[in-house]
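Trainee: Supplied structure: entry-v8.pdb, PDB, C-alpha atoms, pLDDT in the B column.
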```pdb
ATOM      1  CA  PRO A  33       0.000   0.000   0.000  1.00 83.00           C
ATOM      2  CA  HIS A  34       2.821   2.435   0.810  1.00 89.00           C
ATOM      3  CA  PHE A  35       4.378   2.151  -2.667  1.00 93.00           C
ATOM      4  CA  ILE A  36       0.986   2.534  -4.327  1.00 89.00           C
ATOM      5  CA  GLN A  37       0.154   5.648  -2.292  1.00 90.00           C
ATOM      6  CA  ARG A  38       3.525   7.162  -3.213  1.00 91.00           C
ATOM      7  CA  THR A  39       3.189   5.929  -6.836  1.00 92.00           C
ATOM      8  CA  GLN A  40       6.763   4.739  -6.670  1.00 94.00           C
ATOM      9  CA  GLY A  41       8.731   1.889  -5.207  1.00 95.00           C
ATOM     10  CA  HIS A  42      10.606  -1.241  -6.091  1.00 97.00           C
ATOM     11  CA  ILE A  43      10.090  -4.819  -4.955  1.00 97.00           C
ATOM     12  CA  ALA A  44      13.038  -7.200  -5.325  1.00 97.00           C
ATOM     13  CA  VAL A  45      12.348 -10.891  -4.813  1.00 98.00           C
ATOM     14  CA  VAL A  46      15.007 -13.601  -4.684  1.00 97.00           C
ATOM     15  CA  SER A  47      13.951 -16.762  -6.446  1.00 97.00           C
ATOM     16  CA  SER A  48      16.324 -19.261  -8.037  1.00 96.00           C
ATOM     17  CA  VAL A  49      17.432 -20.697 -11.338  1.00 96.00           C
ATOM     18  CA  GLN A  50      15.368 -23.683 -10.213  1.00 95.00           C
ATOM     19  CA  GLY A  51      12.290 -21.487 -10.575  1.00 96.00           C
ATOM     20  CA  LYS A  52      12.999 -21.425 -14.302  1.00 96.00           C
ATOM     21  CA  LEU A  53      14.346 -24.922 -14.875  1.00 94.00           C
ATOM     22  CA  GLY A  54      13.288 -27.869 -12.725  1.00 89.00           C
ATOM     23  CA  VAL A  55      15.890 -30.444 -11.781  1.00 86.00           C
ATOM     24  CA  PRO A  56      15.570 -33.928 -10.244  1.00 85.00           C
ATOM     25  CA  PHE A  57      15.426 -34.359  -6.463  1.00 80.00           C
ATOM     26  CA  ARG A  58      14.460 -30.727  -5.865  1.00 83.00           C
ATOM     27  CA  SER A  59      10.770 -30.855  -6.767  1.00 88.00           C
ATOM     28  CA  ALA A  60       9.385 -29.103  -3.662  1.00 87.00           C
ATOM     29  CA  TYR A  61      12.053 -26.403  -3.834  1.00 88.00           C
ATOM     30  CA  ALA A  62      11.510 -25.888  -7.564  1.00 94.00           C
ATOM     31  CA  ALA A  63       7.733 -25.737  -7.080  1.00 96.00           C
ATOM     32  CA  SER A  64       8.073 -22.965  -4.513  1.00 96.00           C
ATOM     33  CA  LYS A  65      10.347 -20.988  -6.823  1.00 97.00           C
ATOM     34  CA  PHE A  66       8.121 -21.485  -9.886  1.00 97.00           C
ATOM     35  CA  ALA A  67       5.250 -20.174  -7.730  1.00 97.00           C
ATOM     36  CA  LEU A  68       7.271 -17.056  -6.882  1.00 97.00           C
ATOM     37  CA  HIS A  69       7.760 -16.405 -10.591  1.00 97.00           C
ATOM     38  CA  GLY A  70       4.060 -16.677 -11.330  1.00 97.00           C
ATOM     39  CA  TYR A  71       3.058 -14.484  -8.419  1.00 98.00           C
ATOM     40  CA  PHE A  72       5.616 -11.735  -8.991  1.00 98.00           C
ATOM     41  CA  ASP A  73       5.207 -11.755 -12.787  1.00 97.00           C
ATOM     42  CA  SER A  74       1.504 -11.072 -12.239  1.00 98.00           C
ATOM     43  CA  LEU A  75       2.216  -8.486  -9.553  1.00 97.00           C
ATOM     44  CA  ARG A  76       4.690  -6.739 -11.880  1.00 98.00           C
ATOM     45  CA  HIS A  77       1.884  -6.246 -14.425  1.00 97.00           C
ATOM     46  CA  GLU A  78      -0.583  -5.101 -11.774  1.00 96.00           C
ATOM     47  CA  LEU A  79       1.771  -2.501 -10.292  1.00 96.00           C
ATOM     48  CA  PHE A  80       3.468  -1.217 -13.443  1.00 96.00           C
ATOM     49  CA  SER A  81       0.971   1.566 -14.168  1.00 95.00           C
ATOM     50  CA  LEU A  82       1.121   2.569 -10.497  1.00 96.00           C
ATOM     51  CA  GLY A  83       4.845   3.309 -10.669  1.00 95.00           C
ATOM     52  CA  VAL A  84       5.996   0.260  -8.698  1.00 97.00           C
ATOM     53  CA  ALA A  85       8.719  -1.928 -10.221  1.00 97.00           C
ATOM     54  CA  VAL A  86       9.355  -5.616  -9.525  1.00 98.00           C
ATOM     55  CA  THR A  87      12.701  -7.349 -10.059  1.00 98.00           C
ATOM     56  CA  THR A  88      13.021 -11.127  -9.783  1.00 98.00           C
ATOM     57  CA  VAL A  89      16.525 -12.365  -8.987  1.00 98.00           C
ATOM     58  CA  CYS A  90      17.380 -15.921 -10.052  1.00 98.00           C
ATOM     59  CA  PRO A  91      20.753 -16.998  -8.744  1.00 98.00           C
ATOM     60  CA  GLY A  92      22.261 -20.379  -9.394  1.00 95.00           C
ATOM     61  CA  TYR A  93      24.192 -22.001  -6.576  1.00 94.00           C
ATOM     62  CA  VAL A  94      25.404 -19.579  -3.903  1.00 95.00           C
ATOM     63  CA  ALA A  95      28.071 -20.557  -1.362  1.00 93.00           C
ATOM     64  CA  THR A  96      25.885 -20.607   1.771  1.00 92.00           C
ATOM     65  CA  ASN A  97      24.878 -23.166   4.395  1.00 89.00           C
ATOM     66  CA  LEU A  98      21.554 -23.836   2.653  1.00 81.00           C
ATOM     67  CA  SER A  99      22.170 -27.541   2.102  1.00 79.00           C
ATOM     68  CA  MET A 100      23.179 -27.954   5.754  1.00 82.00           C
ATOM     69  CA  SER A 101      19.713 -26.928   6.917  1.00 81.00           C
ATOM     70  CA  ALA A 102      17.757 -28.517   4.052  1.00 79.00           C
ATOM     71  CA  LEU A 103      15.245 -31.239   4.867  1.00 80.00           C
ATOM     72  CA  GLN A 104      15.011 -34.571   3.114  1.00 78.00           C
ATOM     73  CA  GLY A 105      11.766 -36.171   1.943  1.00 77.00           C
ATOM     74  CA  ASP A 106      11.246 -37.880   5.306  1.00 87.00           C
ATOM     75  CA  GLY A 107      11.728 -34.612   7.208  1.00 86.00           C
ATOM     76  CA  THR A 108      15.191 -35.357   8.566  1.00 87.00           C
ATOM     77  CA  ALA A 109      18.019 -32.867   8.129  1.00 84.00           C
ATOM     78  CA  TYR A 110      20.240 -33.310   5.074  1.00 83.00           C
ATOM     79  CA  ALA A 111      23.131 -31.887   7.127  1.00 86.00           C
ATOM     80  CA  LYS A 112      25.745 -32.136   4.360  1.00 87.00           C
ATOM     81  CA  MET A 113      27.468 -29.481   2.346  1.00 86.00           C
ATOM     82  CA  ASP A 114      26.421 -29.946  -1.265  1.00 83.00           C
ATOM     83  CA  GLU A 115      29.402 -29.752  -3.640  1.00 85.00           C
ATOM     84  CA  ASN A 116      27.466 -27.454  -5.987  1.00 85.00           C
ATOM     85  CA  THR A 117      26.613 -25.118  -3.110  1.00 88.00           C
ATOM     86  CA  ALA A 118      30.166 -25.144  -1.747  1.00 87.00           C
ATOM     87  CA  ASN A 119      31.434 -24.156  -5.209  1.00 91.00           C
ATOM     88  CA  GLY A 120      28.661 -21.610  -5.760  1.00 93.00           C
ATOM     89  CA  TYR A 121      28.850 -17.865  -6.232  1.00 97.00           C
ATOM     90  CA  ASP A 122      30.136 -15.685  -3.420  1.00 97.00           C
ATOM     91  CA  PRO A 123      27.085 -14.135  -1.701  1.00 97.00           C
ATOM     92  CA  ARG A 124      28.645 -10.665  -2.046  1.00 98.00           C
ATOM     93  CA  TYR A 125      28.794 -11.099  -5.826  1.00 98.00           C
ATOM     94  CA  VAL A 126      25.125 -12.100  -5.899  1.00 98.00           C
ATOM     95  CA  ALA A 127      24.268  -9.076  -3.738  1.00 98.00           C
ATOM     96  CA  ARG A 128      26.120  -6.705  -6.102  1.00 98.00           C
ATOM     97  CA  ARG A 129      24.402  -8.185  -9.165  1.00 98.00           C
ATOM     98  CA  THR A 130      21.052  -7.914  -7.400  1.00 98.00           C
ATOM     99  CA  LEU A 131      21.610  -4.275  -6.514  1.00 98.00           C
ATOM    100  CA  THR A 132      22.660  -3.496 -10.091  1.00 98.00           C
ATOM    101  CA  ALA A 133      19.515  -5.183 -11.452  1.00 98.00           C
ATOM    102  CA  VAL A 134      17.320  -3.157  -9.111  1.00 98.00           C
ATOM    103  CA  MET A 135      19.077   0.102  -9.968  1.00 97.00           C
ATOM    104  CA  MET A 136      18.613  -0.636 -13.697  1.00 97.00           C
ATOM    105  CA  TYR A 137      14.937  -1.559 -13.195  1.00 97.00           C
ATOM    106  CA  SER A 138      15.518  -5.002 -14.677  1.00 98.00           C
ATOM    107  CA  ARG A 139      12.461  -7.228 -14.626  1.00 98.00           C
ATOM    108  CA  GLU A 140      14.627 -10.272 -14.023  1.00 97.00           C
ATOM    109  CA  VAL A 141      18.266 -11.182 -13.594  1.00 98.00           C
ATOM    110  CA  VAL A 142      19.660 -14.711 -13.869  1.00 98.00           C
ATOM    111  CA  ILE A 143      22.964 -15.046 -12.027  1.00 98.00           C
ATOM    112  CA  ALA A 144      24.331 -18.324 -13.311  1.00 97.00           C
ATOM    113  CA  PRO A 145      27.001 -19.748 -15.610  1.00 96.00           C
ATOM    114  CA  VAL A 146      26.485 -19.353 -19.363  1.00 97.00           C
ATOM    115  CA  LYS A 147      25.531 -23.024 -19.836  1.00 94.00           C
ATOM    116  CA  VAL A 148      22.712 -22.662 -17.291  1.00 94.00           C
ATOM    117  CA  ARG A 149      21.439 -19.439 -18.868  1.00 96.00           C
ATOM    118  CA  LEU A 150      21.559 -21.154 -22.271  1.00 95.00           C
ATOM    119  CA  ALA A 151      19.598 -24.137 -20.916  1.00 94.00           C
ATOM    120  CA  ILE A 152      16.928 -21.777 -19.556  1.00 95.00           C
ATOM    121  CA  PHE A 153      16.659 -20.111 -22.959  1.00 95.00           C
ATOM    122  CA  LEU A 154      16.581 -23.406 -24.858  1.00 94.00           C
ATOM    123  CA  GLN A 155      13.943 -24.831 -22.497  1.00 92.00           C
ATOM    124  CA  SER A 156      11.366 -22.587 -24.146  1.00 91.00           C
ATOM    125  CA  ILE A 157      12.434 -23.532 -27.687  1.00 94.00           C
ATOM    126  CA  VAL A 158      13.477 -27.180 -27.533  1.00 93.00           C
ATOM    127  CA  PRO A 159      12.266 -28.559 -24.193  1.00 90.00           C
ATOM    128  CA  GLY A 160      12.788 -32.185 -25.261  1.00 92.00           C
ATOM    129  CA  ILE A 161      16.526 -31.703 -25.684  1.00 91.00           C
ATOM    130  CA  ILE A 162      16.858 -29.992 -22.296  1.00 90.00           C
ATOM    131  CA  PHE A 163      14.809 -32.785 -20.689  1.00 90.00           C
ATOM    132  CA  LYS A 164      17.199 -35.403 -22.091  1.00 91.00           C
ATOM    133  CA  MET A 165      20.235 -33.433 -20.904  1.00 89.00           C
ATOM    134  CA  ILE A 166      18.845 -33.109 -17.378  1.00 89.00           C
ATOM    135  CA  GLN A 167      17.919 -36.807 -17.311  1.00 89.00           C
ATOM    136  CA  ARG A 168      21.437 -37.763 -18.392  1.00 87.00           C
ATOM    137  CA  ARG A 169      22.865 -35.620 -15.591  1.00 81.00           C
ATOM    138  CA  ALA A 170      20.398 -37.096 -13.073  1.00 80.00           C
ATOM    139  CA  ARG A 171      21.440 -40.658 -13.900  1.00 82.00           C
ATOM    140  CA  SER A 172      25.053 -39.798 -13.104  1.00 78.00           C
ATOM    141  CA  GLN A 173      24.215 -38.348  -9.661  1.00 71.00           C
ATOM    142  CA  PRO A 174      23.616 -40.302  -6.459  1.00 65.00           C
ATOM    143  CA  LYS A 175      19.997 -40.495  -5.308  1.00 61.00           C
ATOM    144  CA  HIS A 176      19.141 -38.435  -2.214  1.00 53.00           C
TER
END
```
What is this structure when it is put down as structure tokens?
Mentor:
Amino acid sequence: PHFIQRTQGHIAVVSSVQGKLGVPFRSAYAASKFALHGYFDSLRHELFSLGVAVTTVCPGYVATNLSMSALQGDGTAYAKMDENTANGYDPRYVARRTLTAVMMYSREVVIAPVKVRLAIFLQSIVPGIIFKMIQRRARSQPKH
């Protein structure tokens, strides 16, 4: 309400690459991030004419303790440092990219390696190929 009354403001929401491209063994996480995209895409349209901007930030893996506090399907703690997370982007880098996106009024920023950004793009054009690539990768990973 405050932004609408002022006819200006900016909402920045942090989602994930997994809100654009689902991967195996992360279905609940991906579902929550896909939901964020739908909600904030709609909100962006609703607020645009009222002078309120919305930026969705989609980082790939970020070097945090997220996997340490993640829950498994049975509700028990995962309590391991994921290799992808350990090798992820420095949180300060993600923060700088986020701030830049907000300052430039970007609708969305994907902070991920080129191959991930390419996969997101190709998903909308040739989803069958991306599906096969993700399945191949899934077969090579241990089941959680």
Trainee: Return the single residue from A:Val46, A:Met113, A:Met100, A:Ile162 that is closest to Leu68 (chain A), with distances computed using all atoms listed in the file.
Mentor: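 Smallest separation from Leu68 (chain A) among the options: A:Val46.
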Trainee: Run the PyMOL selection byres ((chain A and resi 39) around 8) mentally over the shown coordinates, then write out the matched residues as a PyMOL selection string, using the chain letters and numbers from the document.
Mentor: chain A and resi 35-38+40-41+82-84
Trainee: Output C-alpha atoms of each residue in that selection to a file, as a JSON list (two decimals), keeping the file's coordinate frame.
Mentor:
```json
[["chain", "number", "residue", "atom", "x", "y", "z"],
["A", 35, "PHE", "CA", 4.38, 2.15, -2.67],
["A", 36, "ILE", "CA", 0.99, 2.53, -4.33],
["A", 37, "GLN", "CA", 0.15, 5.65, -2.29],
["A", 38, "ARG", "CA", 3.52, 7.16, -3.21],
["A", 40, "GLN", "CA", 6.76, 4.74, -6.67],
["A", 41, "GLY", "CA", 8.73, 1.89, -5.21],
["A", 82, "LEU", "CA", 1.12, 2.57, -10.50],
["A", 83, "GLY", "CA", 4.84, 3.31, -10.67],
["A", 84, "VAL", "CA", 6.00, 0.26, -8.70]]
```
Trainee: Could you tell me which residues the PyMOL selection byres ((chain A and resi 50) around 10) returns for this structure, as a VMD selection string?
Mentor: chain A and resid 47 to 49 51 to 55 58 to 59 61 to 66 90 to 93 152
Trainee: Under the PyMOL selection byres ((chain A and resi 72) around 10), which residues of this model are included? Write them out as a ChimeraX atom specification.
Mentor: /A:43-45,67-71,73-78,86-88,139
Trainee: Which residue gives the smallest distance to Leu98 (chain A) among A:Ala118, A:Ala127, A:Ala85, A:Val148, with only C-alpha atoms counted?
Mentor: A:Ala118
Trainee: What's around Ala109 (chain A) at 12 Å? Count only C-alpha atoms, leave out sequence neighbours fewer than 3 positions away in its own chain, and write the answer as a PyMOL selection string.
Mentor: chain A and resi 98-106+112-113+176
Trainee: Neighbours of Thr117 (chain A) within 7 Å (only C-alpha atoms; same-chain residues fewer than 3 positions away dropped), as a VMD selection string?
Mentor: chain A and resid 93 to 96 114 120
Trainee: Can I get the selected residues back with C-alpha atoms, as a PDB file, in the frame of the given file?
Mentor:
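Saved result, result.pdb, follows:
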```pdb
ATOM      1  CA  TYR A  93      24.192 -22.001  -6.576  1.00 94.00           C
ATOM      2  CA  VAL A  94      25.404 -19.579  -3.903  1.00 95.00           C
ATOM      3  CA  ALA A  95      28.071 -20.557  -1.362  1.00 93.00           C
ATOM      4  CA  THR A  96      25.885 -20.607   1.771  1.00 92.00           C
ATOM      5  CA  ASP A 114      26.421 -29.946  -1.265  1.00 83.00           C
ATOM      6  CA  GLY A 120      28.661 -21.610  -5.760  1.00 93.00           C
TER       7      GLY A 120
END
```
Trainee: Please, what distance in Å, to one decimal, runs between CA of Val126 (chain A) and CA of Ile143 (chain A)?
Mentor: 7.1 Å
Trainee: With only C-alpha atoms as the atoms that count, which of A:Phe153, A:His42, A:Phe163, A:Phe57 lies nearest to Phe80 (chain A)?
Mentor: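 The shortest atom-to-atom distance to Phe80 (chain A) comes from A:His42.
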Trainee: I need the residue nearest Lys147 (chain A) from this list: A:His34, A:Tyr125, A:Met165, A:Gln173. Use all atoms listed in the file for the distance.
Mentor: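 The closest residue to Lys147 (chain A) is A:Met165.
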Trainee: Rank A:Thr108, A:Val89, A:Asn116, A:Pro33 by their smallest atom-to-atom distance to Val142 (chain A), using all atoms listed in the file, and report the top residue only.
Mentor: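 Using all atoms listed in the file, Val142 (chain A) sits closest to A:Val89.
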Trainee: Figure out the distance between CA of Tyr121 (chain A) and CA of Val134 (chain A), please, to one decimal in Å.
Mentor: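 CA of Tyr121 (chain A) lies 18.9 Å from CA of Val134 (chain A).
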Trainee: Could you state the separation of CA of Ala151 (chain A) and CA of Lys164 (chain A) in Å, given to one decimal place?
Mentor: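 Separating CA of Ala151 (chain A) from CA of Lys164 (chain A) is a distance of 11.6 Å.
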